$ cat upload30.txt   # compact mmCIF, C-alpha atoms
# COMPACT_ATOMS: atom_id res chain seq x y z
CA ARG A 20 -56.68 -33.67 -55.86
CA SER A 21 -57.28 -30.99 -53.26
CA SER A 22 -54.71 -32.05 -50.68
CA ALA A 23 -52.09 -34.59 -49.81
CA GLY A 24 -51.02 -35.75 -46.41
CA PRO A 25 -51.63 -38.16 -43.54
CA ASP A 26 -55.10 -39.61 -43.76
CA GLU A 27 -57.17 -42.02 -41.77
CA THR A 28 -58.65 -43.67 -44.86
CA SER A 29 -57.58 -47.25 -45.45
CA PRO A 30 -55.56 -48.19 -48.53
CA GLU A 31 -58.44 -50.23 -49.90
CA ASP A 32 -60.55 -47.07 -50.22
CA LYS A 33 -57.96 -45.00 -52.04
CA PRO A 34 -57.77 -44.94 -55.87
CA VAL A 35 -54.44 -44.78 -57.63
CA ASP A 36 -53.92 -41.35 -59.16
CA GLY A 37 -50.74 -42.12 -61.06
CA PRO A 38 -48.14 -39.61 -62.29
CA ASP A 39 -49.13 -36.11 -63.27
CA GLU A 40 -49.40 -35.46 -66.97
CA GLN A 41 -46.54 -32.95 -66.81
CA SER A 42 -44.13 -35.49 -65.29
CA GLY A 43 -44.13 -38.04 -68.11
CA ASP A 44 -46.03 -40.00 -70.66
CA GLN A 45 -47.47 -42.58 -68.27
CA LYS A 46 -51.23 -42.50 -67.90
CA PRO A 47 -52.94 -42.66 -64.49
CA VAL A 48 -54.53 -45.94 -63.48
CA ASP A 49 -58.26 -45.25 -63.08
CA GLY A 50 -60.58 -47.06 -60.71
CA ARG A 51 -57.91 -49.38 -59.35
CA PRO A 52 -57.60 -49.62 -55.54
CA ILE A 53 -54.19 -48.79 -54.23
CA SER A 54 -54.22 -52.01 -52.20
CA GLU A 55 -53.57 -53.91 -55.44
CA CYS A 56 -50.21 -52.25 -55.99
CA ALA A 57 -49.17 -51.05 -52.51
CA ASN A 58 -46.11 -52.74 -51.06
CA GLN A 59 -45.87 -53.98 -47.50
CA GLY A 60 -44.11 -50.83 -46.36
CA LEU A 61 -47.00 -48.67 -47.52
CA ARG A 62 -49.51 -51.01 -45.87
CA ASP A 63 -47.58 -50.81 -42.59
CA LEU A 64 -47.50 -47.02 -42.83
CA TRP A 65 -51.29 -46.86 -43.30
CA LYS A 66 -51.81 -49.20 -40.38
CA PHE A 67 -49.58 -47.03 -38.22
CA LEU A 68 -51.49 -43.87 -39.15
CA LEU A 69 -54.86 -45.53 -38.57
CA ASN A 70 -53.85 -46.48 -35.04
CA SER A 71 -52.04 -43.25 -34.19
CA SER A 72 -53.40 -40.49 -31.97
CA THR A 73 -55.19 -37.38 -33.17
CA GLU A 74 -52.30 -35.27 -31.91
CA LEU A 75 -49.77 -37.15 -34.03
CA ARG A 76 -51.82 -36.90 -37.20
CA LEU A 77 -52.44 -33.20 -36.55
CA PHE A 78 -48.70 -32.76 -36.16
CA LEU A 79 -48.10 -34.46 -39.52
CA TRP A 80 -50.70 -32.27 -41.25
CA SER A 81 -49.08 -29.24 -39.62
CA ARG A 82 -45.60 -30.18 -40.86
CA LEU A 83 -46.98 -30.71 -44.35
CA GLY A 84 -48.66 -27.29 -44.21
CA ASP A 85 -45.42 -25.70 -43.03
CA ALA A 86 -43.59 -27.29 -45.96
CA TYR A 87 -46.09 -25.80 -48.41
CA ALA A 88 -45.73 -22.41 -46.70
CA LYS A 89 -41.95 -22.52 -47.16
CA ILE A 90 -42.33 -22.99 -50.90
CA GLN A 91 -44.97 -20.23 -50.98
CA TYR A 92 -47.91 -22.45 -51.85
CA PRO A 93 -50.56 -20.98 -49.49
CA THR A 94 -53.55 -22.64 -51.13
CA LYS A 95 -52.14 -26.11 -50.33
CA ARG A 96 -51.40 -25.02 -46.77
CA PHE A 97 -55.02 -23.84 -46.53
CA SER A 98 -56.13 -27.25 -47.75
CA CYS A 99 -54.05 -28.89 -45.01
CA LEU A 100 -55.76 -26.72 -42.38
CA LEU A 101 -59.21 -27.68 -43.66
CA LYS A 102 -58.28 -31.36 -43.81
CA SER A 103 -57.05 -31.14 -40.22
CA ILE A 104 -60.44 -29.78 -39.15
CA GLU A 105 -62.15 -32.62 -41.03
CA MET A 106 -59.92 -35.13 -39.28
CA ILE A 107 -60.74 -33.75 -35.82
CA VAL A 108 -64.48 -33.96 -36.53
CA ALA A 109 -64.13 -37.52 -37.82
CA ASP A 110 -62.19 -38.51 -34.70
CA LEU A 111 -64.81 -36.97 -32.40
CA GLU A 112 -67.46 -39.04 -34.20
CA GLY A 113 -65.41 -42.23 -34.09
CA ASP A 114 -65.72 -45.27 -31.86
CA THR A 115 -62.33 -44.75 -30.24
CA TYR A 116 -63.37 -41.40 -28.80
CA ALA A 117 -66.82 -42.69 -27.76
CA GLN A 118 -65.29 -45.66 -25.94
CA THR A 119 -62.72 -43.59 -24.05
CA PRO A 120 -63.41 -43.48 -20.28
CA ASP A 121 -65.29 -40.38 -19.15
CA GLU A 122 -62.47 -38.67 -17.28
CA SER A 123 -59.94 -39.25 -20.05
CA ARG A 124 -62.48 -38.25 -22.69
CA ARG A 125 -63.09 -34.88 -21.00
CA LEU A 126 -59.38 -34.08 -21.02
CA LEU A 127 -59.07 -35.26 -24.62
CA PHE A 128 -62.06 -33.13 -25.62
CA MET A 129 -60.55 -29.97 -24.11
CA ARG A 130 -57.21 -30.60 -25.83
CA THR A 131 -59.03 -31.21 -29.08
CA LEU A 132 -60.99 -27.97 -28.72
CA LYS A 133 -57.74 -26.07 -28.26
CA SER A 134 -56.29 -27.59 -31.42
CA LEU A 135 -59.52 -26.91 -33.28
CA ASP A 136 -59.49 -23.26 -32.23
CA GLU A 137 -55.94 -22.82 -33.50
CA LEU A 138 -56.91 -24.35 -36.84
CA LEU A 139 -59.97 -22.12 -37.15
CA ILE A 140 -57.86 -19.02 -36.53
CA GLN A 141 -55.27 -19.98 -39.14
CA ALA A 142 -57.79 -21.14 -41.74
CA LEU A 143 -59.99 -18.06 -41.36
CA SER A 144 -57.00 -15.71 -41.59
CA THR A 145 -55.90 -17.38 -44.81
CA ALA A 146 -59.39 -17.44 -46.31
CA LEU A 147 -59.94 -13.72 -45.64
CA ASN A 148 -56.49 -12.35 -46.41
CA ASP A 149 -55.06 -14.54 -49.18
CA GLY A 150 -56.66 -14.17 -52.58
CA SER A 151 -55.21 -17.49 -53.73
CA ALA A 152 -56.57 -19.51 -50.79
CA PHE A 153 -59.19 -21.35 -52.86
CA ASP A 154 -57.13 -21.83 -56.02
CA ILE A 155 -56.93 -25.63 -55.71
CA ILE A 156 -59.94 -26.17 -53.44
CA ASP A 157 -62.44 -28.00 -55.64
CA VAL A 158 -66.15 -28.54 -55.06
CA ASP A 159 -65.69 -31.91 -53.36
CA HIS A 160 -63.14 -30.42 -50.99
CA ILE A 161 -65.44 -27.49 -50.20
CA ARG A 162 -68.33 -29.89 -49.60
CA SER A 163 -66.40 -32.11 -47.19
CA SER A 164 -64.87 -29.16 -45.33
CA SER A 165 -68.19 -27.31 -45.13
CA CYS A 166 -69.80 -30.43 -43.70
CA ALA A 167 -67.10 -30.71 -41.04
CA ILE A 168 -67.31 -27.03 -40.09
CA ALA A 169 -71.12 -27.25 -39.90
CA LYS A 170 -70.70 -30.08 -37.40
CA VAL A 171 -68.25 -27.92 -35.45
CA SER A 172 -70.83 -25.12 -35.36
CA CYS A 173 -73.50 -27.54 -34.14
CA LEU A 174 -71.17 -28.75 -31.39
CA LEU A 175 -70.30 -25.22 -30.30
CA HIS A 176 -73.93 -24.09 -30.46
CA VAL A 177 -74.77 -26.35 -27.52
CA ALA A 178 -73.17 -23.75 -25.22
CA PRO A 179 -75.43 -20.85 -26.35
CA LEU A 180 -78.47 -23.13 -26.06
CA CYS A 181 -77.53 -23.88 -22.46
CA GLU A 182 -77.14 -20.15 -21.86
CA ASP A 183 -80.59 -19.58 -23.37
CA GLU A 184 -82.12 -22.06 -20.95
CA ALA A 185 -80.44 -20.36 -17.99
CA ARG A 186 -81.50 -16.93 -19.26
CA ILE A 187 -85.20 -17.82 -19.36
CA GLY A 188 -85.10 -19.69 -16.07
CA MET A 189 -85.38 -23.26 -17.33
CA THR A 190 -82.08 -24.20 -15.68
CA THR A 191 -79.55 -22.64 -13.33
CA ALA A 192 -76.30 -21.30 -14.72
CA PRO A 193 -73.46 -23.70 -13.80
CA SER A 194 -71.21 -20.93 -12.51
CA ASN A 195 -70.35 -17.25 -12.78
CA ASN A 196 -66.70 -17.42 -11.76
CA SER A 197 -63.94 -16.03 -13.97
CA THR A 198 -62.71 -19.43 -15.15
CA PHE A 199 -66.14 -20.52 -16.34
CA MET A 200 -66.83 -17.18 -18.05
CA SER A 201 -63.45 -17.37 -19.76
CA LEU A 202 -64.46 -20.75 -21.21
CA VAL A 203 -67.84 -19.34 -22.31
CA ASN A 204 -66.13 -16.45 -24.09
CA LYS A 205 -63.67 -18.80 -25.77
CA LEU A 206 -66.53 -20.96 -27.08
CA ARG A 207 -68.28 -17.84 -28.38
CA GLU A 208 -65.14 -16.76 -30.20
CA MET A 209 -64.77 -20.20 -31.73
CA GLN A 210 -68.37 -20.16 -32.92
CA VAL A 211 -67.94 -16.76 -34.57
CA ARG A 212 -64.78 -17.99 -36.31
CA ALA A 213 -66.46 -21.19 -37.45
CA TRP A 214 -69.41 -19.30 -38.97
CA SER A 215 -67.06 -16.82 -40.64
CA LEU A 216 -64.99 -19.63 -42.15
CA GLN A 217 -68.15 -21.39 -43.25
CA TYR A 218 -69.17 -18.23 -45.10
CA THR A 219 -65.89 -18.11 -47.03
CA LEU A 220 -66.45 -21.71 -48.17
CA PHE A 221 -70.06 -20.94 -49.05
CA LYS A 222 -68.95 -17.91 -51.05
CA ALA A 223 -66.31 -19.93 -52.93
CA ALA A 224 -68.75 -22.71 -53.84
CA LEU A 225 -71.85 -20.68 -54.72
CA PRO A 226 -70.74 -19.38 -58.15
CA GLN A 227 -70.15 -22.99 -59.23
CA GLN A 228 -73.78 -23.91 -58.60
CA GLU A 229 -75.72 -23.31 -61.81
CA SER A 230 -79.07 -23.54 -60.03
CA VAL A 231 -78.38 -20.40 -57.98
CA ILE A 232 -80.02 -17.42 -59.66
CA SER A 233 -78.73 -14.66 -57.40
CA PRO A 234 -75.55 -15.57 -55.52
CA GLU A 235 -75.32 -12.17 -53.83
CA ASN A 236 -78.79 -12.51 -52.31
CA GLU A 237 -77.94 -15.99 -51.05
CA LEU A 238 -74.75 -14.71 -49.46
CA ALA A 239 -76.54 -11.76 -47.88
CA VAL A 240 -79.22 -14.05 -46.43
CA PHE A 241 -76.52 -16.30 -44.98
CA LEU A 242 -74.74 -13.36 -43.35
CA ALA A 243 -77.99 -11.92 -42.00
CA ALA A 244 -79.04 -15.26 -40.50
CA VAL A 245 -75.72 -15.70 -38.69
CA HIS A 246 -75.73 -12.05 -37.58
CA ARG A 247 -79.18 -12.46 -36.09
CA ALA A 248 -78.27 -15.69 -34.28
CA ILE A 249 -75.14 -14.31 -32.63
CA GLY A 250 -76.40 -10.74 -32.33
CA LEU A 251 -79.46 -11.63 -30.26
CA ARG A 252 -77.16 -13.50 -27.90
CA LYS A 253 -74.87 -10.46 -27.57
CA PHE A 254 -71.65 -11.99 -28.88
CA CYS A 255 -71.49 -10.79 -32.49
CA LYS A 256 -68.48 -8.68 -31.44
CA ALA A 257 -66.54 -11.74 -30.28
CA SER A 258 -63.14 -12.56 -31.78
CA ASN A 259 -62.23 -8.90 -32.29
CA LYS A 260 -65.43 -8.22 -34.28
CA ILE A 261 -64.17 -10.40 -37.13
CA PHE A 262 -67.63 -11.41 -38.33
CA LEU A 263 -68.94 -7.83 -38.32
CA LYS A 264 -65.88 -6.56 -40.20
CA MET A 265 -66.21 -9.32 -42.77
CA MET A 266 -69.94 -8.70 -43.19
CA ARG A 267 -69.43 -4.96 -43.67
CA LEU A 268 -66.85 -5.52 -46.42
CA GLU A 269 -69.03 -8.12 -48.13
CA LEU A 270 -72.14 -5.94 -48.08
CA LEU A 271 -70.23 -3.04 -49.60
CA LYS A 272 -69.23 -5.31 -52.52
CA PHE A 273 -72.77 -6.43 -53.29
CA LYS A 274 -74.62 -4.65 -56.11
CA ASN A 275 -78.24 -5.81 -56.03
CA ILE A 276 -79.55 -7.33 -52.82
CA GLU A 277 -82.77 -6.91 -50.89
CA ASN A 278 -82.82 -4.89 -47.64
CA TRP A 279 -79.22 -3.80 -48.18
CA GLU A 280 -79.64 -0.69 -46.02
CA ASP A 281 -81.12 -2.67 -43.13
CA HIS A 282 -78.30 -5.20 -43.14
CA LEU A 283 -75.56 -2.58 -43.36
CA GLY A 284 -77.24 -0.31 -40.82
CA GLN A 285 -77.28 -3.04 -38.18
CA VAL A 286 -73.65 -3.93 -38.88
CA LEU A 287 -72.54 -0.30 -38.55
CA TYR A 288 -74.48 0.01 -35.31
CA ASP A 289 -72.83 -3.08 -33.85
CA LEU A 290 -69.39 -2.01 -35.05
CA HIS A 291 -69.42 1.68 -34.27
CA GLY A 292 -72.67 2.44 -32.44
CA LEU A 293 -73.91 4.50 -35.39
$ encode --input "upload30.txt" --output "structure tokens"
Amino acid sequence: RSSAGPDETSPEDKPVDGPDEQSGDQKPVDGRPISECANQGLRDLWKFLLNSSTELRLFLWSRLGDAYAKIQYPTKRFSCLLKSIEMIVADLEGDTYAQTPDESRRLLFMRTLKSLDELLIQALSTALNDGSAFDIIDVDHIRSSSCAIAKVSCLLHVAPLCEDEARIGMTTAPSNNSTFMSLVNKLREMQVRAWSLQYTLFKAALPQQESVISPENELAVFLAAVHRAIGLRKFCKASNKIFLKMMRLELLKFKNIENWEDHLGQVLYDLHGL
């Protein structure tokens, strides 16, 4: 199991895992829904979590992550951060959010974006700086988290598309005041962080795919595609140049990739003007 914590999944959908092998001689019960053995207290707890707010469930995931941090188990804390991002995306896609009145939904969306940004910062920092971050993150976990982060990137990419339309004269820019530009810059930073985090997940999963002949080339193509998308729009330096710094370090590790000099040359130019 890749994580444990508050979840919005109903008890009927959850299998019973049973005790760990190290804790005793009992064998796990396979394929049996937890609803068959859950007591009323557990059912009430699930019902409470299902009906609770996003903020409360984020708080519970955060407390669980803090507990793992205190016992120096960073990979489980990283899992909690990724699961929190997945939960936010699921909530944004849910009926409750869609049926919220417009004015309330706008405020909820902005609060959710703030929480999402904080999670992206923490998750990206762990993924880049902690060598044990992916120790217990299995393929299924990577797949679900990558899917959620891809949806985040799609959501955030709406802002650059609107800027593109204003740039070529299709529409008029909503505003140029400092408050609006501050929001634009924040969305750019979030997009850079989301793409950078997506890369770390991609990198962790790629070696496990037997069909991939040249993982380094695939990684380099991914980095180059993101660099082009954000570079042409003049915000590849957003978030303290985190994507450019990551890409430089990754390119220097690669042994045999096509157009290595071109990729690295553009990164060095964007970083240092060389």
$ atom_distance --input "upload30.txt" --atom1 "CA of Leu251 in chain A" --atom2 "CA of Ala169 in chain A"
20.2 Å
$ closest_residue --input "upload30.txt" --among "A:Leu64, A:Cys255, A:Leu135, A:Leu69" --to "Val171 in chain A" --atoms "only C-alpha atoms"
A:Leu135
$ atom_distance --input "upload30.txt" --atom1 "CA of Ser151 in chain A" --atom2 "CA of Ser258 in chain A"
23.9 Å
$ residues_around --input "upload30.txt" --residues "Leu225 in chain A" --least-positions-apart "2" --cutoff "10 Å" --atoms "only C-alpha atoms" --output "PyMOL selection string"
chain A and resi 158+220-223+227-231+233-235+237-238
$ axis_aligned_box --input "upload30.txt" --around "range 151-164 of chain A" --padding-each-side "4 Å" --output "JSON"
{"center_x": -61.8, "center_y": -24.8, "center_z": -50.7, "size_x": 21.1, "size_y": 22.6, "size_z": 18.7}
$ closest_residue --input "upload30.txt" --among "A:Arg62, A:Lys205, A:Lys102, A:Lys95" --to "Leu77 in chain A" --atoms "all atoms listed in the file"
A:Lys102
$ atom_distance --input "upload30.txt" --atom1 "CA of Arg267 in chain A" --atom2 "CA of Leu206 in chain A"
23.2 Å
$ residues_around --input "upload30.txt" --residues "Gln210 in chain A" --least-positions-apart "6" --cutoff "12 Å" --atoms "only C-alpha atoms" --output "ChimeraX atom specification"
/A:132,135-136,139-140,168-179,203-204,216-217,245-246,248-249,254-258,261-262
$ closest_residue --input "upload30.txt" --among "A:Ser165, A:Ser71, A:Thr115, A:Thr94" --to "Trp214 in chain A" --atoms "only C-alpha atoms"
A:Ser165
$ residues_around --input "upload30.txt" --residues "Phe153 in chain A" --least-positions-apart "4" --cutoff "10 Å" --atoms "all atoms listed in the file" --output "number ranges by chain"
A: 21, 93-95, 97-98, 145-146, 149, 157, 161, 219-220, 223-224
$ residues_around --input "upload30.txt" --residues "Trp279 in chain A" --least-positions-apart "5" --cutoff "10 Å" --atoms "all atoms listed in the file" --output "PDB file with C-alpha atoms, in the coordinates of the input"
ATOM      1  CA  ASN A 236     -78.790 -12.510 -52.310  1.00  0.00           C
ATOM      2  CA  ALA A 239     -76.540 -11.760 -47.880  1.00  0.00           C
ATOM      3  CA  LEU A 270     -72.140  -5.940 -48.080  1.00  0.00           C
ATOM      4  CA  LEU A 271     -70.230  -3.040 -49.600  1.00  0.00           C
ATOM      5  CA  PHE A 273     -72.770  -6.430 -53.290  1.00  0.00           C
ATOM      6  CA  LYS A 274     -74.620  -4.650 -56.110  1.00  0.00           C
ATOM      7  CA  GLY A 284     -77.240  -0.310 -40.820  1.00  0.00           C
TER       8      GLY A 284
END
$ closest_residue --input "upload30.txt" --among "A:Cys166, A:Leu68, A:Ile155, A:Leu101" --to "Ala142 in chain A" --atoms "only C-alpha atoms"
A:Leu101
$ residues_near_point --input "upload30.txt" --point "(-72.3, -19.9, -15.0)" --cutoff "12 Å" --atoms "all atoms listed in the file" --output "PDB file with C-alpha atoms, in the frame of the given file"
ATOM      1  CA  ALA A 178     -73.170 -23.750 -25.220  1.00  0.00           C
ATOM      2  CA  PRO A 179     -75.430 -20.850 -26.350  1.00  0.00           C
ATOM      3  CA  CYS A 181     -77.530 -23.880 -22.460  1.00  0.00           C
ATOM      4  CA  GLU A 182     -77.140 -20.150 -21.860  1.00  0.00           C
ATOM      5  CA  ASP A 183     -80.590 -19.580 -23.370  1.00  0.00           C
ATOM      6  CA  GLU A 184     -82.120 -22.060 -20.950  1.00  0.00           C
ATOM      7  CA  ALA A 185     -80.440 -20.360 -17.990  1.00  0.00           C
ATOM      8  CA  ARG A 186     -81.500 -16.930 -19.260  1.00  0.00           C
ATOM      9  CA  THR A 190     -82.080 -24.200 -15.680  1.00  0.00           C
ATOM     10  CA  THR A 191     -79.550 -22.640 -13.330  1.00  0.00           C
ATOM     11  CA  ALA A 192     -76.300 -21.300 -14.720  1.00  0.00           C
ATOM     12  CA  PRO A 193     -73.460 -23.700 -13.800  1.00  0.00           C
ATOM     13  CA  SER A 194     -71.210 -20.930 -12.510  1.00  0.00           C
ATOM     14  CA  ASN A 195     -70.350 -17.250 -12.780  1.00  0.00           C
ATOM     15  CA  ASN A 196     -66.700 -17.420 -11.760  1.00  0.00           C
ATOM     16  CA  SER A 197     -63.940 -16.030 -13.970  1.00  0.00           C
ATOM     17  CA  THR A 198     -62.710 -19.430 -15.150  1.00  0.00           C
ATOM     18  CA  PHE A 199     -66.140 -20.520 -16.340  1.00  0.00           C
ATOM     19  CA  MET A 200     -66.830 -17.180 -18.050  1.00  0.00           C
ATOM     20  CA  SER A 201     -63.450 -17.370 -19.760  1.00  0.00           C
ATOM     21  CA  LEU A 202     -64.460 -20.750 -21.210  1.00  0.00           C
ATOM     22  CA  VAL A 203     -67.840 -19.340 -22.310  1.00  0.00           C
ATOM     23  CA  ASN A 204     -66.130 -16.450 -24.090  1.00  0.00           C
TER      24      ASN A 204
END
$ closest_residue --input "upload30.txt" --among "A:Thr73, A:Ser81, A:Thr119, A:Asn148" --to "Thr131 in chain A" --atoms "all atoms listed in the file"
A:Thr73
